[in-house]
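*Asks:* The structure file run.cif (mmCIF, C-alpha atoms) is provided below.
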```cif
data_model
#
loop_
_atom_site.group_PDB
_atom_site.id
_atom_site.type_symbol
_atom_site.label_atom_id
_atom_site.label_comp_id
_atom_site.auth_asym_id
_atom_site.auth_seq_id
_atom_site.Cartn_x
_atom_site.Cartn_y
_atom_site.Cartn_z
ATOM 1 C CA GLY F 1 1.436 7.392 0.688
ATOM 2 C CA ALA F 2 -0.606 5.686 -2.028
ATOM 3 C CA LYS F 3 -3.015 8.652 -2.239
ATOM 4 C CA TYR F 4 -0.089 11.054 -2.593
ATOM 5 C CA LEU F 5 1.576 8.953 -5.300
ATOM 6 C CA HIS F 6 -1.712 8.480 -7.154
ATOM 7 C CA ALA F 7 -2.199 12.264 -7.295
ATOM 8 C CA LEU F 8 1.143 12.864 -9.028
ATOM 9 C CA ASP F 9 1.194 12.966 -12.819
ATOM 10 C CA ASP F 10 4.923 13.277 -13.388
ATOM 11 C CA GLY F 11 8.170 14.282 -11.758
ATOM 12 C CA MET F 12 10.051 12.851 -8.822
ATOM 13 C CA VAL F 13 9.031 11.553 -5.416
ATOM 14 C CA PRO F 14 11.547 12.456 -2.698
ATOM 15 C CA LEU F 15 12.175 9.383 -0.542
ATOM 16 C CA GLN F 16 14.127 9.256 2.692
ATOM 17 C CA PHE F 17 15.324 5.930 4.070
ATOM 18 C CA LEU F 18 16.204 5.658 7.764
ATOM 19 C CA PHE F 19 18.352 2.674 8.672
ATOM 20 C CA SER F 20 19.032 0.989 11.987
ATOM 21 C CA GLY F 21 19.205 -2.548 13.253
ATOM 22 C CA THR F 22 21.427 -5.514 12.586
ATOM 23 C CA VAL F 23 23.271 -6.599 9.448
ATOM 24 C CA PHE F 24 24.457 -10.166 8.946
ATOM 25 C CA THR F 25 27.501 -10.489 6.682
ATOM 26 C CA ARG F 26 29.805 -13.246 5.577
ATOM 27 C CA GLY F 27 32.546 -13.658 8.167
ATOM 28 C CA THR F 28 35.667 -15.744 8.438
ATOM 29 C CA ARG F 29 33.772 -18.471 10.365
ATOM 30 C CA GLY F 30 30.367 -18.405 8.717
ATOM 31 C CA PHE F 31 28.684 -15.106 9.360
ATOM 32 C CA ALA F 32 29.313 -11.910 11.270
ATOM 33 C CA VAL F 33 26.948 -9.501 12.954
ATOM 34 C CA GLN F 34 27.177 -5.708 12.855
ATOM 35 C CA GLN F 35 24.925 -3.046 14.313
ATOM 36 C CA VAL F 36 23.727 -0.247 12.025
ATOM 37 C CA PRO F 37 23.756 3.060 13.920
ATOM 38 C CA TRP F 38 20.346 4.714 14.299
ATOM 39 C CA ASP F 39 21.501 7.899 12.536
ATOM 40 C CA ARG F 40 22.188 6.280 9.150
ATOM 41 C CA GLU F 41 19.965 7.511 6.314
ATOM 42 C CA ASP F 42 19.877 7.977 2.559
ATOM 43 C CA HIS F 43 17.800 9.962 0.084
ATOM 44 C CA PHE F 44 16.519 9.009 -3.375
ATOM 45 C CA ASP F 45 14.349 10.803 -5.913
ATOM 46 C CA MET F 46 12.113 8.130 -7.447
ATOM 47 C CA PRO F 47 10.507 8.976 -10.789
ATOM 48 C CA VAL F 48 6.699 8.868 -10.615
ATOM 49 C CA ALA F 49 6.804 6.720 -13.779
ATOM 50 C CA VAL F 50 8.621 3.991 -11.807
ATOM 51 C CA TRP F 51 5.817 3.919 -9.216
ATOM 52 C CA ARG F 52 3.148 3.755 -11.942
ATOM 53 C CA GLN F 53 4.966 0.904 -13.740
ATOM 54 C CA LEU F 54 5.349 -1.007 -10.473
ATOM 55 C CA MET F 55 1.639 -0.682 -9.660
ATOM 56 C CA ALA F 56 0.610 -1.622 -13.226
ATOM 57 C CA GLN F 57 2.829 -4.708 -13.120
ATOM 58 C CA HIS F 58 1.816 -6.027 -9.696
ATOM 59 C CA PHE F 59 -1.745 -4.670 -9.375
ATOM 60 C CA PRO F 60 -3.098 -4.266 -12.927
ATOM 61 C CA ASP F 61 -6.385 -2.365 -13.347
ATOM 62 C CA THR F 62 -6.759 -1.732 -9.611
ATOM 63 C CA GLY F 63 -6.544 1.173 -7.203
ATOM 64 C CA TRP F 64 -6.291 1.677 -3.469
ATOM 65 C CA LEU F 65 -9.101 2.691 -1.163
ATOM 66 C CA ARG F 66 -8.622 3.506 2.528
ATOM 67 C CA LEU F 67 -11.643 3.049 4.799
ATOM 68 C CA ARG F 68 -12.230 3.534 8.524
ATOM 69 C CA HIS F 69 -12.431 0.295 10.510
ATOM 70 C CA ASP F 70 -16.142 0.720 11.245
ATOM 71 C CA THR F 71 -16.902 1.243 7.544
ATOM 72 C CA LEU F 72 -14.835 -1.805 6.594
ATOM 73 C CA ASP F 73 -16.600 -3.884 9.279
ATOM 74 C CA GLU F 74 -20.002 -2.781 8.005
ATOM 75 C CA LEU F 75 -19.008 -3.615 4.432
ATOM 76 C CA ALA F 76 -17.721 -7.043 5.545
ATOM 77 C CA ASN F 77 -21.016 -7.741 7.336
ATOM 78 C CA TYR F 78 -22.991 -6.677 4.256
ATOM 79 C CA LYS F 79 -20.812 -8.913 2.054
ATOM 80 C CA ALA F 80 -21.319 -11.915 4.346
ATOM 81 C CA ARG F 81 -25.056 -11.287 4.759
ATOM 82 C CA TRP F 82 -25.590 -11.404 0.993
ATOM 83 C CA GLY F 83 -23.124 -14.272 0.392
ATOM 84 C CA MET F 84 -20.745 -12.213 -1.721
ATOM 85 C CA LEU F 85 -17.190 -13.361 -2.326
ATOM 86 C CA SER F 86 -15.381 -10.031 -2.617
ATOM 87 C CA PHE F 87 -15.480 -6.497 -1.291
ATOM 88 C CA GLU F 88 -15.585 -5.284 -4.883
ATOM 89 C CA GLU F 89 -18.805 -7.229 -5.457
ATOM 90 C CA ALA F 90 -20.317 -5.734 -2.295
ATOM 91 C CA ILE F 91 -19.386 -2.199 -3.328
ATOM 92 C CA ASP F 92 -20.678 -2.730 -6.884
ATOM 93 C CA ASN F 93 -23.927 -4.108 -5.460
ATOM 94 C CA ARG F 94 -24.382 -1.171 -3.081
ATOM 95 C CA LEU F 95 -23.653 1.354 -5.830
ATOM 96 C CA THR F 96 -26.141 -0.301 -8.174
ATOM 97 C CA ARG F 97 -28.822 -0.456 -5.447
ATOM 98 C CA GLN F 98 -28.255 3.228 -4.618
ATOM 99 C CA GLU F 99 -28.822 4.187 -8.255
ATOM 100 C CA ILE F 100 -32.128 2.260 -8.379
ATOM 101 C CA ARG F 101 -33.645 4.121 -5.408
#
```
Kindly present the structure from the file in structure tokens form.
*Replies:*
Amino acid sequence: GAKYLHALDDGMVPLQFLFSGTVFTRGTRGFAVQQVPWDREDHFDMPVAVWRQLMAQHFPDTGWLRLRHDTLDELANYKARWGMLSFEEAIDNRLTRQEIR
């Protein structure tokens, strides 16, 4: 989903919410329990600007990168082998070393 949202410049993102489970509400003797039927759903068109503001607020100056497990394991081993504290440092180091070759 993050890749899709990142690729959008403007407009709306169609969201569909599927509900089911249990709802706890205030009852006459404390709380009450109600089941939500599995067929309950709702739709919402979220402006892309809302997504961008949310990401900027909670994850400033960052982006998302999805890697296969074996690639992530290899990067973690490289990071540990060289005593690095972050994946970003390991990636920066590898990119710099690639450019030198």
*Asks:* F:Ile91, F:Ser20, F:Arg97, F:Phe59: which is nearest Leu72 (chain F), counting only C-alpha atoms?
*Replies:* F:Ile91
*Asks:* Set the distance at 12 Å and use only C-alpha atoms: which residues neighbour Gly11 (chain F) once local chain neighbours fewer than 3 positions away are removed? I'd like the list as a PDB file with C-alpha atoms, in the frame of the given file.
*Replies:*
```
ATOM      1  CA  LEU F   5       1.576   8.953  -5.300  1.00  0.00           C
ATOM      2  CA  ALA F   7      -2.199  12.264  -7.295  1.00  0.00           C
ATOM      3  CA  LEU F   8       1.143  12.864  -9.028  1.00  0.00           C
ATOM      4  CA  PRO F  14      11.547  12.456  -2.698  1.00  0.00           C
ATOM      5  CA  ASP F  45      14.349  10.803  -5.913  1.00  0.00           C
ATOM      6  CA  MET F  46      12.113   8.130  -7.447  1.00  0.00           C
ATOM      7  CA  PRO F  47      10.507   8.976 -10.789  1.00  0.00           C
ATOM      8  CA  VAL F  48       6.699   8.868 -10.615  1.00  0.00           C
ATOM      9  CA  ALA F  49       6.804   6.720 -13.779  1.00  0.00           C
ATOM     10  CA  VAL F  50       8.621   3.991 -11.807  1.00  0.00           C
ATOM     11  CA  TRP F  51       5.817   3.919  -9.216  1.00  0.00           C
ATOM     12  CA  ARG F  52       3.148   3.755 -11.942  1.00  0.00           C
TER      13      ARG F  52
END
```
*Asks:* Report the distance between CA of Asn93 (chain F) and CA of Arg66 (chain F) in Å, rounded to one decimal place.
*Replies:*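 These two atoms are separated by 18.9 Å.
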*Asks:* Excluding Tyr78 (chain F) and its own-chain neighbours fewer than 4 positions away, which residues fall within 8 Å of it when counting only C-alpha atoms? Please give them as a list in words.
*Replies:*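 Everything that qualifies: Glu74, Trp82 and Ala90 of chain F.
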*Asks:* Go ahead and dump the residues you just picked, C-alpha atoms, as a CSV table (one decimal), keeping the file's coordinate frame.
*Replies:*
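This went into result-v2.csv:
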```csv
chain,number,residue,atom,x,y,z
F,74,GLU,CA,-20.0,-2.8,8.0
F,82,TRP,CA,-25.6,-11.4,1.0
F,90,ALA,CA,-20.3,-5.7,-2.3
```
*Asks:* If you apply the PyMOL selection byres ((chain F and resi 40) around 8) to this file, what residues do you get, as a list in words?
*Replies:* Leu18, Phe19, Ser20, Val36, Pro37, Trp38, Asp39, Glu41 and Asp42 of chain F
*Asks:* If you measure from CA of Thr71 (chain F) to CA of Leu85 (chain F), what distance in Å do you get, rounded to one decimal?
*Replies:* 17.6 Å
*Asks:* To one decimal place in Å, what is the distance between CA of Gln35 (chain F) and CA of Val23 (chain F)?
*Replies:*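 So the answer is 6.2 Å.
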*Asks:* Restricting the calculation to all atoms listed in the file, which member of F:Lys3, F:Pro60, F:His43, F:Arg29 is positioned closest to Gln16 (chain F)?
*Replies:*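 Between F:Lys3, F:Pro60, F:His43, F:Arg29, the residue approaching Gln16 (chain F) most closely is F:His43.
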*Asks:* Of the candidates F:Leu75, F:Asp10, F:Leu15, F:Tyr4, which one gets nearest to Phe87 (chain F) if we count all atoms listed in the file?
*Replies:*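 Nearest to Phe87 (chain F): F:Leu75.
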*Asks:* Which is closest to Val13 (chain F) among F:Phe31, F:Phe44, F:Arg26, F:Leu95, if we use all atoms listed in the file?
*Replies:*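 Answer, going by the shortest atom-to-atom distance: F:Phe44.
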*Asks:* Can region 44-64 of chain F be brought up to N, CA, C and O atoms and written out as a compact mmCIF listing (two decimals), keeping the file's coordinate frame?
*Replies:*
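And here's selection21.txt as it stands now:
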```
# COMPACT_ATOMS: atom_id res chain seq x y z
N PHE F 44 16.63 9.42 -1.97
CA PHE F 44 16.52 9.01 -3.38
C PHE F 44 15.31 9.68 -3.98
O PHE F 44 14.24 9.72 -3.37
N ASP F 45 15.46 10.23 -5.18
CA ASP F 45 14.35 10.80 -5.91
C ASP F 45 13.85 9.76 -6.90
O ASP F 45 14.52 9.47 -7.90
N MET F 46 12.69 9.17 -6.60
CA MET F 46 12.11 8.13 -7.45
C MET F 46 11.20 8.77 -8.50
O MET F 46 10.29 9.52 -8.15
N PRO F 47 11.41 8.46 -9.77
CA PRO F 47 10.51 8.98 -10.79
C PRO F 47 9.09 8.43 -10.58
O PRO F 47 8.91 7.25 -10.28
N VAL F 48 8.10 9.29 -10.75
CA VAL F 48 6.70 8.87 -10.62
C VAL F 48 6.40 7.73 -11.59
O VAL F 48 5.66 6.80 -11.27
N ALA F 49 7.02 7.77 -12.77
CA ALA F 49 6.80 6.72 -13.78
C ALA F 49 7.18 5.34 -13.24
O ALA F 49 6.54 4.34 -13.57
N VAL F 50 8.21 5.27 -12.39
CA VAL F 50 8.62 3.99 -11.81
C VAL F 50 7.52 3.45 -10.90
O VAL F 50 7.18 2.26 -10.94
N TRP F 51 6.91 4.32 -10.09
CA TRP F 51 5.82 3.92 -9.22
C TRP F 51 4.64 3.41 -10.04
O TRP F 51 4.06 2.37 -9.75
N ARG F 52 4.28 4.14 -11.10
CA ARG F 52 3.15 3.76 -11.94
C ARG F 52 3.40 2.41 -12.62
O ARG F 52 2.52 1.56 -12.70
N GLN F 53 4.62 2.18 -13.11
CA GLN F 53 4.97 0.90 -13.74
C GLN F 53 4.89 -0.24 -12.74
O GLN F 53 4.40 -1.33 -13.04
N LEU F 54 5.38 0.01 -11.53
CA LEU F 54 5.35 -1.01 -10.47
C LEU F 54 3.91 -1.40 -10.14
O LEU F 54 3.58 -2.59 -10.05
N MET F 55 3.04 -0.41 -9.97
CA MET F 55 1.64 -0.68 -9.66
C MET F 55 0.95 -1.41 -10.82
O MET F 55 0.17 -2.35 -10.61
N ALA F 56 1.23 -0.99 -12.06
CA ALA F 56 0.61 -1.62 -13.23
C ALA F 56 1.06 -3.07 -13.36
O ALA F 56 0.27 -3.94 -13.76
N GLN F 57 2.30 -3.35 -13.01
CA GLN F 57 2.83 -4.71 -13.12
C GLN F 57 2.26 -5.63 -12.05
O GLN F 57 1.88 -6.75 -12.32
N HIS F 58 2.21 -5.16 -10.81
CA HIS F 58 1.82 -6.03 -9.70
C HIS F 58 0.33 -5.95 -9.34
O HIS F 58 -0.21 -6.88 -8.74
N PHE F 59 -0.33 -4.85 -9.68
CA PHE F 59 -1.74 -4.67 -9.38
C PHE F 59 -2.46 -4.08 -10.59
O PHE F 59 -2.96 -2.95 -10.54
N PRO F 60 -2.51 -4.83 -11.71
CA PRO F 60 -3.10 -4.27 -12.93
C PRO F 60 -4.58 -3.94 -12.75
O PRO F 60 -5.32 -4.67 -12.09
N ASP F 61 -4.99 -2.81 -13.33
CA ASP F 61 -6.38 -2.37 -13.35
C ASP F 61 -7.01 -2.26 -11.95
O ASP F 61 -8.19 -2.55 -11.78
N THR F 62 -6.22 -1.89 -10.96
CA THR F 62 -6.76 -1.73 -9.61
C THR F 62 -6.28 -0.41 -9.02
O THR F 62 -5.37 0.23 -9.53
N GLY F 63 -6.93 -0.01 -7.95
CA GLY F 63 -6.54 1.17 -7.20
C GLY F 63 -6.66 0.89 -5.73
O GLY F 63 -7.11 -0.19 -5.32
N TRP F 64 -6.28 1.84 -4.91
CA TRP F 64 -6.29 1.68 -3.47
C TRP F 64 -7.40 2.52 -2.87
O TRP F 64 -7.65 3.64 -3.29
```
